[in-house]
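Worksheet: the structure to be examined is printed underneath.
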Amino acid sequence: MTATATENSTGVNYLNVQYGIRSWLLTTDHKRIALLYLASITFFFLIGGISAVLIRIHLIEPQGALLQPATYNKMFSMHGIVMIFFFLIPSIPATMGNFLIPMMVGARDLAFPRINLLSWYIYVVAGLFTVYALIAGGVDTGWTFYTPLSTTYANGQVMAAALGVFIAGFSSILTGLNFIVTIHKMRAPGLTWSRLPLFVWAMYATSVIQVLGTPVVAVAIVLVGLERMFQVGVFDPALGGDPILFQHLFWFYSHPAVYIMILPSMGVVSELVTCFSKKRIFGYHFIAYSSLAIAAISFLVWGHHMYVSGQSVYASLVFSALSFAVAIPSAIKVFNWTATLYKGSVSYDSPMIYALGFIGLFTMGGLTGMFLASLATDIHLHDTYFVIAHFHYIMVGGALMGYLGGLHFWWPKITGRLYPDAWARFAALVIFIGFNLTFFPQFVVGYLGMPRRYAVYPEEFQVLNIMSSAGASILGVGYVIPLIYLIWSMRYGPAAGPNPWGATGLEWQTPSPPPTENFEQLPVVTEDAYEYGSKEAHVV
Amino acid sequence: MSDGRAGALAHHFEDLDQQHEASSLGMWLFLATEVMFFGGVFAAYTVYRGMYLPGFEAGSHHLSIKLGAFNTVVLLCSSLTMALAVRAATLGKRRHLITFLALTLALGLTFVGVKLVFEWYHDYETGLAPGINWALAGPHSRGAELFFVFYFTLTGIHALHMVIGIGILAVLIGMAARGRFTPEGSNAIEMTGLYWHFVDIIWIFLFPLLYLIGAHY
Amino acid sequence: MWSGFPLRPEQASTIAQGIDQLYFFLTAITLFFTFVIFTAIFYFAIRYRRKAKGEIPGQIEGSLPLEIFWSAVPLVLVVVIFVWSSSLFISNSRPPEAATEIFVIGKQWMWQLQHPDGAREINELHVPVGKPIKLTMTSEDVIHDFFIPAFRVKKDVVPGRYTSLWFEATKTGRFHLFCGQYCGVNHALMIGSVVVMEPEEYERWLSGSRKAETMAASGAQLYERFACITCHGAGKAPPFNDFYMSQVKLSDGSTVVANEEYIRESILYPSAKIHAGYDPIMPTFKGQISEEQLLQLIAFIKSLGPQERKSE
């Protein structure tokens with residue numbers, strides 16, 4: 001990776017300050033660690049993506065076009081494990097969060113730089129276990145590791161995969177811990193809580209979930225491991241255990257985990273809509289507090305994954321009411337983003353295209369969540385393709401769109417280079433179309449009754465499955481395009497300058513790429529976030 | 001948990017106060033994750049205790065209250081010596097610091113030793129190790145087996161924390177001997193103290209939950 | 001619904017229509033808000049597109065009345081949906097008292113079904129139209145899930161405990177039966193059909209099917225074969241007349257209801273909950289008795305009990 005800084009008084013930045021593999025593997029610079037993460041999660045995105053492609057090809061034919069059922073099961077298990085624990089959960093926090101939080105709060109680094117590096121190494125070790133599990137025969141438990149299937153009946157590398165997830169959890173905890181401390185203790189003079197960029201608020205809410213939720217899934221995995229190794233009955237009823245208890249422990253983390261994935265994207269989108277409308281965000285405090293509200297409620301809704309498990313009617317009613325409650329802070333965000341455009345100066349740069357796509361798809365994903373929070377309809381929809389469609393609207397249409405939007409927005413800051421914006425807008429459009437074609441038919445096929453995780457299916461579902469597979473091929477192309485031009489831009493892209501979008505925010509007031517300690521002089525903050533009416537906005 | 005060279009200000013902090021506050025908050029957050037971790041196991045324990053109360057009582061009766069109580073006293077004493085070590089560090093008394101750290105370490109080793117030799121090994125020998133050597137028969141065998149699963153899981157995780165703490169203490173003693181701590185730069189001692197007290201408190205919960213179910217004095 | 005491209009599965013049970021109404025209401029809300037948001041985005045994005053480089057629009061902080069408005073609207077909506085959905089759920093989850101009970105055992109990877117008169121089938125369930133049917137289900141290995149899309153019913157089938165669901169078919173025909181919960185290699189092959197027949201036809205089918213004894217009769221035989229009768233019929237252990245769903249006083253002073261779960265537990269783990277006034281002399285039958293035999297014994301005990309108390 002080479003880069004020459006422009007408009008940098010010394011020409012030295014975090015990329016060219018040192019060369020050689022050692023300088024990367026032993027770095028404690030949050031920006032370099034962010035890039036280490038970026039490379040690793042891209043690798044896992046490719047693994048998860050390839051398995052998704054194989055799944056969709058297989059499902060073109062009702063009898064299965066490609067794989068044996070056993071292999072198919074390993075494919076969707078791997079897709080889930082890799083995409084959730086190794087791509088979506090670290091995606092925005094570990095890359096953009098790592099890169100930007102110290103800059104946005106006006107600090108030289110995160111509070112614990114060495115712990116930050118440690119978290120990357122932990123992630124890599126966890127990843128190695130998962131890759132080993134994949135190579136050494138695969139796992140076929142699904143990403144949910146339901147007992148007693150996972151503890152007693154499943155063959156394959158369950159232990160290796162579970163260990164991978166367990167270890168990855170520590171990486172996530174350490175990242176979250178680092179962010180919380182940094183946001184509390186490292187803010188620049190004058191940067192009060194209500195002046196923080198909304199991305200920082202969203203990351204704060206995310207970090208709270210990471211720190212408090214992850215240990216619980218760790219417990220669940222430890223108990224699964226013990227049961228599998230020693231055949232002691234913690235979860236297997238044949239040995240005296242309770243299989244449903246596992247689901248409680250698992251979803252206590254794994255439902256909030258969904259918000260670990262989506263909250264950061266909400267933060268990114270808040271940054272994007274204001275920058276590309278050149279307007280203050282509409283309802284700053286409502287967006288900020290709604291992130292915290294979502295994080296808080298997220299811990300109280302896990303039971304909605306268990307409506308059909310035989311859970312008591314009363315428990316289900318409470319979980320249903322609480323799940324509906326999530327709709328309100330989510331709606332507040334969507335309305336505020338939309339209102340931010342009103343009377344703005346809206347430009348169509350590629351990050352904005354992603355952001356607008358996010359708002360639309362997240363709206364659909366959120367609204368279809370109501371079908372699943374609602375008890376009567378969930379009984380029918382539970383474990384069907386409707387659920388698959390719903391959470392892909394949230395995680396791909398939402399989280400991944402936000403990730404790509406953020407990556408395009410801060411790419412000039414990260415690399416100091418501009419990418420071809422026309423290609424980027426084209427890619428965003430291809431992704432948007434491909435995504436909808438892939439996942440919209442799944443709502444319909446789900447309501448028709450097609451269960452998830454089926455390697456073969458009745459013929460009447462074929463038309464919708466073919467549509468979905470066709471969409472997936474478009475979506476796949478859509479993801480390859482940015483991969484090409486972003487890599488191209490690192491070498492050939494024109495220099496970006498410190499603030500190509502005319503954005504506010506401390507990260508734009510330092511050269512691109514930034515120097516090692518971010519700022520030549522530590523900033524003092526005197527105004528609110530997103531003051532587009534004031535002077536910096538004229539930097540363009 | 002404390003970052004930065006002891007006695008020095010790490011490059012990315014403004015001043016020692018900020019550094020100290022950051023490492024304290026970091027440590028407390030870390031302890032919060034620990035609470036959630038142990039909380040998860042405690043929750044599972046509670047569920048099964050409700051399901052198999054007679055079995056849990058039967059299992060608990062195989063534990064030695066005397067050894068458990070002895071270890072409780074040992075750990076409480078170690079918390080005292082740890083607190084004294086932190087005090088010695090802030091006062092800059094190096095000899096006291098080393099003495100108290102060493103005492104804490106010795107008490108910690110005593111705890112782990114008793115646990116390992118007189119309790120776990122004994123349990124294993126007498127057929128109380130589920131999945132490895134399980135010989136307990138009788139009407140409540142199933143509940144008792146689950147009790148011992150939780151007994152070994154909880155005390156095992158706790159002992160792992162103890163061993164990690166002992167390792168850190170050993171490193172700190174070495175650093176203290178080389179004069180690496182100053183009254184202002186003794187974050188590491190203070191943070192280790194927090195950690196040590198936390199591990200101690202966990203044991204205060206474990207002792208009644210495991211040893212004292214259904215009175216059997 | 002134009003044929004050839006249906007948007008919902010067939011409505012073949014009494015509850016299907018109610019679920020579909022709620023579903024289409026939710027769909028309407030989804031489409032409405034999606035339309036509102038997309039329109040607003042497109043309209044604002046075009047109407048307020050950037051006209052000159054570096055232009056600075058007027059700044060707006062926000063608006064409290066608007067925030068209240070767009071918090072209140074979703075709140076009211078979700079309360080309405082919650083009430084509607086939950087009342088539907090509650091009324092759907094209560095089986096009618098006169099329901100015929102059919103037993104279901106799930107195992108990797110097949111469904112085993114047993115009618116009260118003893119008729120057995122695999123992966124195919126014959127039921128009469130217009131009669132409420134209650135399924136009592138358990139699994140021999142992992143968690144399965146009994147799912148009939150046309151009836152809009154689904155319930156996990158969990159090892160070590162009994163779950164139940166009920167339905168009343170409104171249409172004759174053959175409908176999909178799926179395993180909804182991922183259960184291992186051949187999960188997708190754990191499928192079958194539910195055949196709904198006219199009652200007379202169902203009777204004919206029952207009498208024509210491989211004639212076995214009724215569930216209760218098989219249970220009665222087991223009651224003798226396993227020598228339960230030696231104690232339970234001689235005062236050394238609790239007798240079973242009027243036993244099912246009665247309040248049982250335990251030796252530790254508490255009481256339990258003698259439901260399926262309790263009977264099952266007492267056969268497999270006799271010492272777990274001891275009936276007050278009896279010595280704990282019963283040996284365990286774990287490992288000697290199959291899930292199917294357990295269900296037969298339960299059916300036998302039920303047949304001695306008060307007829308059809310209110311369950312749940």
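By order of appearance in the structure tokens: chains A, B, ..., then residues from 1 within every chain, and ligands from 1 in the order shown.
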- Query: Would you list which chain B residues are within 9 Å of chain A using only C-alpha atoms, as number ranges by chain?
  - Reply: B: 1-4, 11-14, 18-19, 21-23, 25-26, 29-30, 32-41, 43-44, 47-48, 130-132, 142-143, 145-146, 149, 153
- Message: Need to verify the contact set: segment 469-476 of chain A, 8 Å, only C-alpha atoms, exclusion of same-chain residues closer than 6 positions in sequence. Can you return it as a list in words?
- Response: Gly49, Val53, Arg56, Ile57, Leu59, Ile60, Val430, Ile431, Phe432, Ile433, Gly434, Phe435, Asn436, Leu437, Thr438 and Phe439 of chain A
Close residues, Ser186 of chain B itself excluded, 12 Å, only C-alpha atoms, min 4 positions apart in chain, as a short mmCIF file (atom, residue, chain, number, x, y, z; two decimals) with N, CA, C and O atoms, in the first residue's frame:
```cif
data_model
loop_
_atom_site.label_atom_id
_atom_site.label_comp_id
_atom_site.auth_asym_id
_atom_site.auth_seq_id
_atom_site.Cartn_x
_atom_site.Cartn_y
_atom_site.Cartn_z
N SER B 2 -4.05 -2.54 32.70
CA SER B 2 -3.53 -1.19 32.58
C SER B 2 -2.56 -1.14 31.42
O SER B 2 -1.76 -2.05 31.21
N ASP B 3 -2.72 -0.10 30.66
CA ASP B 3 -1.91 0.03 29.47
C ASP B 3 -0.82 1.04 29.73
O ASP B 3 -0.91 1.89 30.60
N GLY B 4 0.21 0.98 28.97
CA GLY B 4 1.25 1.99 29.13
C GLY B 4 2.27 1.51 30.13
O GLY B 4 1.98 0.75 31.03
N ARG B 5 3.48 1.96 29.98
CA ARG B 5 4.54 1.55 30.88
C ARG B 5 4.27 2.09 32.26
O ARG B 5 3.85 3.23 32.43
N ALA B 6 4.50 1.25 33.25
CA ALA B 6 4.26 1.70 34.61
C ALA B 6 5.18 2.87 34.91
O ALA B 6 6.33 2.90 34.50
N GLY B 7 4.63 3.80 35.61
CA GLY B 7 5.45 4.94 36.01
C GLY B 7 5.64 5.97 34.92
O GLY B 7 6.28 6.99 35.13
N ALA B 8 5.08 5.69 33.76
CA ALA B 8 5.26 6.66 32.68
C ALA B 8 3.91 6.96 32.06
O ALA B 8 2.97 6.18 32.18
N LEU B 9 3.85 8.07 31.39
CA LEU B 9 2.60 8.44 30.73
C LEU B 9 2.65 7.91 29.31
O LEU B 9 3.58 8.20 28.56
N LEU B 16 -1.52 12.09 33.57
CA LEU B 16 -1.63 10.87 34.36
C LEU B 16 -3.04 10.63 34.87
O LEU B 16 -3.50 9.49 34.97
N GLN B 19 -5.04 9.02 32.20
CA GLN B 19 -4.58 7.64 32.04
C GLN B 19 -5.16 6.77 33.16
O GLN B 19 -5.64 5.66 32.92
N HIS B 20 -5.12 7.31 34.37
CA HIS B 20 -5.60 6.54 35.51
C HIS B 20 -7.10 6.30 35.41
O HIS B 20 -7.58 5.19 35.61
N SER B 23 -7.83 3.67 32.77
CA SER B 23 -7.60 2.27 33.11
C SER B 23 -8.58 1.79 34.18
O SER B 23 -9.01 0.63 34.15
N SER B 24 -8.99 2.69 35.09
CA SER B 24 -10.01 2.27 36.07
C SER B 24 -11.30 1.90 35.37
O SER B 24 -11.88 0.84 35.62
N ALA B 85 -1.13 -4.11 49.84
CA ALA B 85 -0.14 -3.93 48.78
C ALA B 85 -0.44 -2.66 47.99
O ALA B 85 0.46 -1.87 47.67
N VAL B 86 -1.73 -2.45 47.68
CA VAL B 86 -2.11 -1.25 46.92
C VAL B 86 -1.75 -0.01 47.72
O VAL B 86 -1.20 0.97 47.20
N ARG B 87 -2.02 -0.10 49.03
CA ARG B 87 -1.70 1.04 49.89
C ARG B 87 -0.20 1.31 49.90
O ARG B 87 0.25 2.45 49.75
N ALA B 88 0.57 0.23 50.03
CA ALA B 88 2.02 0.37 50.04
C ALA B 88 2.50 1.00 48.73
O ALA B 88 3.40 1.85 48.73
N ALA B 89 1.87 0.62 47.65
CA ALA B 89 2.28 1.17 46.35
C ALA B 89 2.03 2.66 46.29
O ALA B 89 2.88 3.44 45.85
N THR B 90 0.84 3.09 46.75
CA THR B 90 0.55 4.53 46.66
C THR B 90 1.42 5.34 47.62
O THR B 90 1.68 6.50 47.39
N LEU B 91 1.86 4.67 48.69
CA LEU B 91 2.74 5.37 49.62
C LEU B 91 4.21 5.28 49.20
O LEU B 91 5.08 5.89 49.80
N GLY B 92 4.45 4.46 48.18
CA GLY B 92 5.82 4.35 47.69
C GLY B 92 6.72 3.49 48.55
O GLY B 92 7.94 3.63 48.51
N LYS B 93 6.14 2.62 49.36
CA LYS B 93 6.97 1.75 50.20
C LYS B 93 7.24 0.44 49.47
O LYS B 93 6.41 -0.46 49.48
N ARG B 94 8.43 0.35 48.89
CA ARG B 94 8.69 -0.76 48.00
C ARG B 94 8.78 -2.09 48.73
O ARG B 94 8.24 -3.10 48.28
N LEU B 97 5.45 -3.24 49.68
CA LEU B 97 4.72 -3.63 48.47
C LEU B 97 5.09 -5.06 48.10
O LEU B 97 4.22 -5.92 47.89
N LEU B 172 4.15 -8.76 38.71
CA LEU B 172 4.21 -7.49 39.44
C LEU B 172 5.34 -7.50 40.47
O LEU B 172 6.02 -6.50 40.68
N MET B 175 8.48 -6.82 38.74
CA MET B 175 8.58 -5.41 38.36
C MET B 175 8.86 -4.54 39.58
O MET B 175 9.67 -3.61 39.52
N ALA B 176 8.19 -4.87 40.70
CA ALA B 176 8.39 -4.07 41.91
C ALA B 176 9.83 -4.20 42.39
O ALA B 176 10.44 -3.22 42.83
N GLY B 179 11.97 -1.93 40.86
CA GLY B 179 11.65 -0.53 41.12
C GLY B 179 10.87 0.14 40.02
O GLY B 179 11.05 1.33 39.73
N ARG B 180 9.94 -0.58 39.40
CA ARG B 180 9.21 -0.02 38.27
C ARG B 180 7.99 0.79 38.71
O ARG B 180 7.33 1.40 37.87
N PHE B 181 7.66 0.76 39.99
CA PHE B 181 6.45 1.49 40.41
C PHE B 181 6.80 2.72 41.23
O PHE B 181 7.70 2.71 42.05
N THR B 182 6.08 3.77 40.97
CA THR B 182 6.20 5.00 41.75
C THR B 182 4.82 5.27 42.33
O THR B 182 3.84 4.70 41.87
N GLU B 190 -3.01 -1.26 41.28
CA GLU B 190 -4.38 -0.95 41.67
C GLU B 190 -5.38 -1.79 40.85
O GLU B 190 -6.35 -2.32 41.40
N MET B 191 -5.12 -1.90 39.57
CA MET B 191 -6.03 -2.66 38.71
C MET B 191 -6.02 -4.14 39.08
O MET B 191 -7.06 -4.80 39.12
N THR B 192 -4.82 -4.66 39.37
CA THR B 192 -4.74 -6.06 39.80
C THR B 192 -5.52 -6.25 41.10
O THR B 192 -6.18 -7.27 41.30
N GLY B 193 -5.45 -5.22 41.96
CA GLY B 193 -6.21 -5.28 43.20
C GLY B 193 -7.69 -5.43 42.94
O GLY B 193 -8.36 -6.28 43.52
#
```
- Task: Just need the residues of chain C within 9 Å of chain B, counting only C-alpha atoms, so spit them out as a PyMOL selection string.
- Result: chain C and resi 269-272+280
Please produce a file of those selected residues containing C-alpha atoms, as a PDB file, in the first residue's frame.
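Writing the result to selection.pdb gives the following:
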```pdb
ATOM      1  CA  TYR C 269     -37.026 -41.124  37.260  1.00  0.00           C
ATOM      2  CA  PRO C 270     -39.296 -42.535  39.989  1.00  0.00           C
ATOM      3  CA  SER C 271     -37.400 -40.939  42.857  1.00  0.00           C
ATOM      4  CA  ALA C 272     -37.619 -37.396  41.547  1.00  0.00           C
ATOM      5  CA  PRO C 280     -39.860 -44.871  47.169  1.00  0.00           C
TER       6      PRO C 280
END
```
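Pairwise distance (atom CA of Ile41 of chain A, atom CA of Phe87 of chain A) equals 5.3 Å.
Those residues in segment 21-210 of chain B carrying a DSSP assignment of strand (DSSP E or B), computed from the backbone, are Leu128, Ala129, Asn133 and Trp134 of chain B.
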- Message: Which residues are near Gly214 of chain B? Cut-off 10 Å, only C-alpha atoms, ignore same chain within fewer than 2 positions. Put them as an MDAnalysis selection string.
- Response: chainID B and resid 53:54 56:58 60:61 211:212 216:217
- Message: Excluding segment 148-163 of chain C and its own-chain neighbours fewer than 6 positions away, which residues fall within 7 Å of it when counting only C-alpha atoms? Please give them as number ranges by chain.
- Response: A: 237-238, 308-310, 379-380, 449; C: 9-13, 16, 106, 136-142, 175-178, 261
Give me, as a tab-separated table, the closest atom pair and its distance (Å, one decimal) for every residue of segment 113-218 of chain C within a cut-off of 10 Å of segment 222-231 of chain C, counting only C-alpha atoms, rows sorted by chain and rising number.
```
residue	atom	partner	partner_atom	distance
C:Ala216	CA	C:Leu222	CA	9.7
C:Ala217	CA	C:Leu222	CA	8.7
C:Ser218	CA	C:Leu222	CA	6.3
```
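Nearest to Ala325 of chain A of all the residues C:Arg50, C:Ser71, C:Leu22, C:Gln181 is C:Ser71, based on only C-alpha atoms.
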- Query: What lies within 9 Å of Val444 of chain A using only C-alpha atoms, ignoring chain neighbours under 4 positions off, as a list in words?
  - Reply: Tyr385, Phe386, Phe440, Leu448, Gly449 and Leu464 of chain A; Pro6, Leu7 and Arg8 of chain C
Would you save the residues from that selection as a compact mmCIF listing (two decimals), in the first residue's frame, using all heavy atoms?
```
# COMPACT_ATOMS: atom_id res chain seq x y z
N TYR A 385 -38.80 -19.17 5.17
CA TYR A 385 -38.00 -18.22 4.42
C TYR A 385 -38.39 -16.78 4.68
O TYR A 385 -37.64 -15.86 4.38
CB TYR A 385 -38.05 -18.54 2.91
CG TYR A 385 -36.86 -19.35 2.52
CD1 TYR A 385 -36.83 -20.72 2.74
CD2 TYR A 385 -35.72 -18.75 1.99
CE1 TYR A 385 -35.72 -21.47 2.45
CE2 TYR A 385 -34.60 -19.49 1.68
CZ TYR A 385 -34.60 -20.84 1.91
OH TYR A 385 -33.48 -21.58 1.62
N PHE A 386 -39.57 -16.56 5.25
CA PHE A 386 -39.94 -15.19 5.60
C PHE A 386 -38.92 -14.62 6.59
O PHE A 386 -38.50 -13.47 6.48
CB PHE A 386 -41.34 -15.16 6.21
CG PHE A 386 -41.91 -13.77 6.36
CD1 PHE A 386 -42.72 -13.25 5.37
CD2 PHE A 386 -41.62 -13.00 7.47
CE1 PHE A 386 -43.24 -11.96 5.49
CE2 PHE A 386 -42.14 -11.72 7.59
CZ PHE A 386 -42.95 -11.21 6.60
N PHE A 440 -36.70 -10.36 -1.90
CA PHE A 440 -38.14 -10.12 -1.87
C PHE A 440 -38.94 -11.40 -2.11
O PHE A 440 -39.88 -11.69 -1.38
CB PHE A 440 -38.57 -9.00 -2.83
CG PHE A 440 -39.95 -8.52 -2.52
CD1 PHE A 440 -40.16 -7.59 -1.52
CD2 PHE A 440 -41.04 -9.06 -3.18
CE1 PHE A 440 -41.45 -7.19 -1.19
CE2 PHE A 440 -42.33 -8.65 -2.85
CZ PHE A 440 -42.53 -7.72 -1.86
N LEU A 448 -45.75 -18.86 1.96
CA LEU A 448 -46.33 -20.07 1.37
C LEU A 448 -45.95 -21.31 2.16
O LEU A 448 -46.54 -22.37 1.97
CB LEU A 448 -45.85 -20.22 -0.08
CG LEU A 448 -46.45 -19.22 -1.06
CD1 LEU A 448 -45.85 -19.39 -2.43
CD2 LEU A 448 -47.96 -19.37 -1.13
N GLY A 449 -44.95 -21.18 3.01
CA GLY A 449 -44.66 -22.29 3.92
C GLY A 449 -43.33 -22.97 3.72
O GLY A 449 -43.08 -24.00 4.33
N LEU A 464 -40.13 -19.07 -7.39
CA LEU A 464 -39.63 -18.02 -6.51
C LEU A 464 -38.16 -18.25 -6.16
O LEU A 464 -37.38 -17.30 -6.03
CB LEU A 464 -40.48 -17.97 -5.23
CG LEU A 464 -41.87 -17.39 -5.48
CD1 LEU A 464 -42.85 -17.79 -4.39
CD2 LEU A 464 -41.82 -15.87 -5.60
N PRO C 6 -49.73 -17.98 -6.23
CA PRO C 6 -50.43 -17.67 -4.97
C PRO C 6 -49.56 -16.84 -4.04
O PRO C 6 -48.34 -16.91 -4.09
CB PRO C 6 -50.69 -19.05 -4.38
CG PRO C 6 -49.59 -19.90 -4.92
CD PRO C 6 -49.25 -19.36 -6.28
N LEU C 7 -50.20 -16.02 -3.22
CA LEU C 7 -49.48 -15.23 -2.22
C LEU C 7 -49.66 -15.81 -0.83
O LEU C 7 -49.06 -15.33 0.11
CB LEU C 7 -49.94 -13.78 -2.25
CG LEU C 7 -49.54 -13.02 -3.50
CD1 LEU C 7 -50.10 -11.62 -3.47
CD2 LEU C 7 -48.03 -12.97 -3.65
N ARG C 8 -50.51 -16.80 -0.70
CA ARG C 8 -50.66 -17.45 0.59
C ARG C 8 -50.96 -18.92 0.36
O ARG C 8 -51.47 -19.30 -0.70
CB ARG C 8 -51.79 -16.81 1.39
CG ARG C 8 -53.13 -16.87 0.70
CD ARG C 8 -54.25 -16.56 1.66
NE ARG C 8 -55.53 -16.45 0.99
CZ ARG C 8 -56.22 -17.47 0.52
NH1 ARG C 8 -55.74 -18.70 0.61
NH2 ARG C 8 -57.38 -17.28 -0.07
```
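Nearest to chain A of all the residues C:Pro116, C:Gly180, C:Gly235, C:Gly173 is C:Gly180, based on only C-alpha atoms.
Residue nearest chain A, chosen from C:Gly184, C:Gly305, C:Gly192, C:Pro128 and counting only C-alpha atoms: C:Gly184.
For Ile301 of chain C, the non-local neighbours within 9 Å, defined as residues at least 2 positions apart in the same chain or in other chains and counting only C-alpha atoms, are Ala216, Gly219, Ala220, Phe240, Asn241, Asp242, Phe243, Tyr244, Ile263, Gln296, Leu297, Ile298, Ala299, Ser303, Leu304 and Gly305 of chain C.
The gap separating atom CA of Arg174 of chain C from atom CA of Ala65 of chain A is 26.9 Å, in Å to one decimal.
Atom to atom, atom CA of Thr144 of chain A and atom CA of Ala162 of chain A stand 10.2 Å apart.
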- Go through segment 148-184 of chain B and collect every residue that DSSP, computed from the backbone, puts in helix (DSSP H, G or I); the answer should be as number ranges by chain. B: 148-177
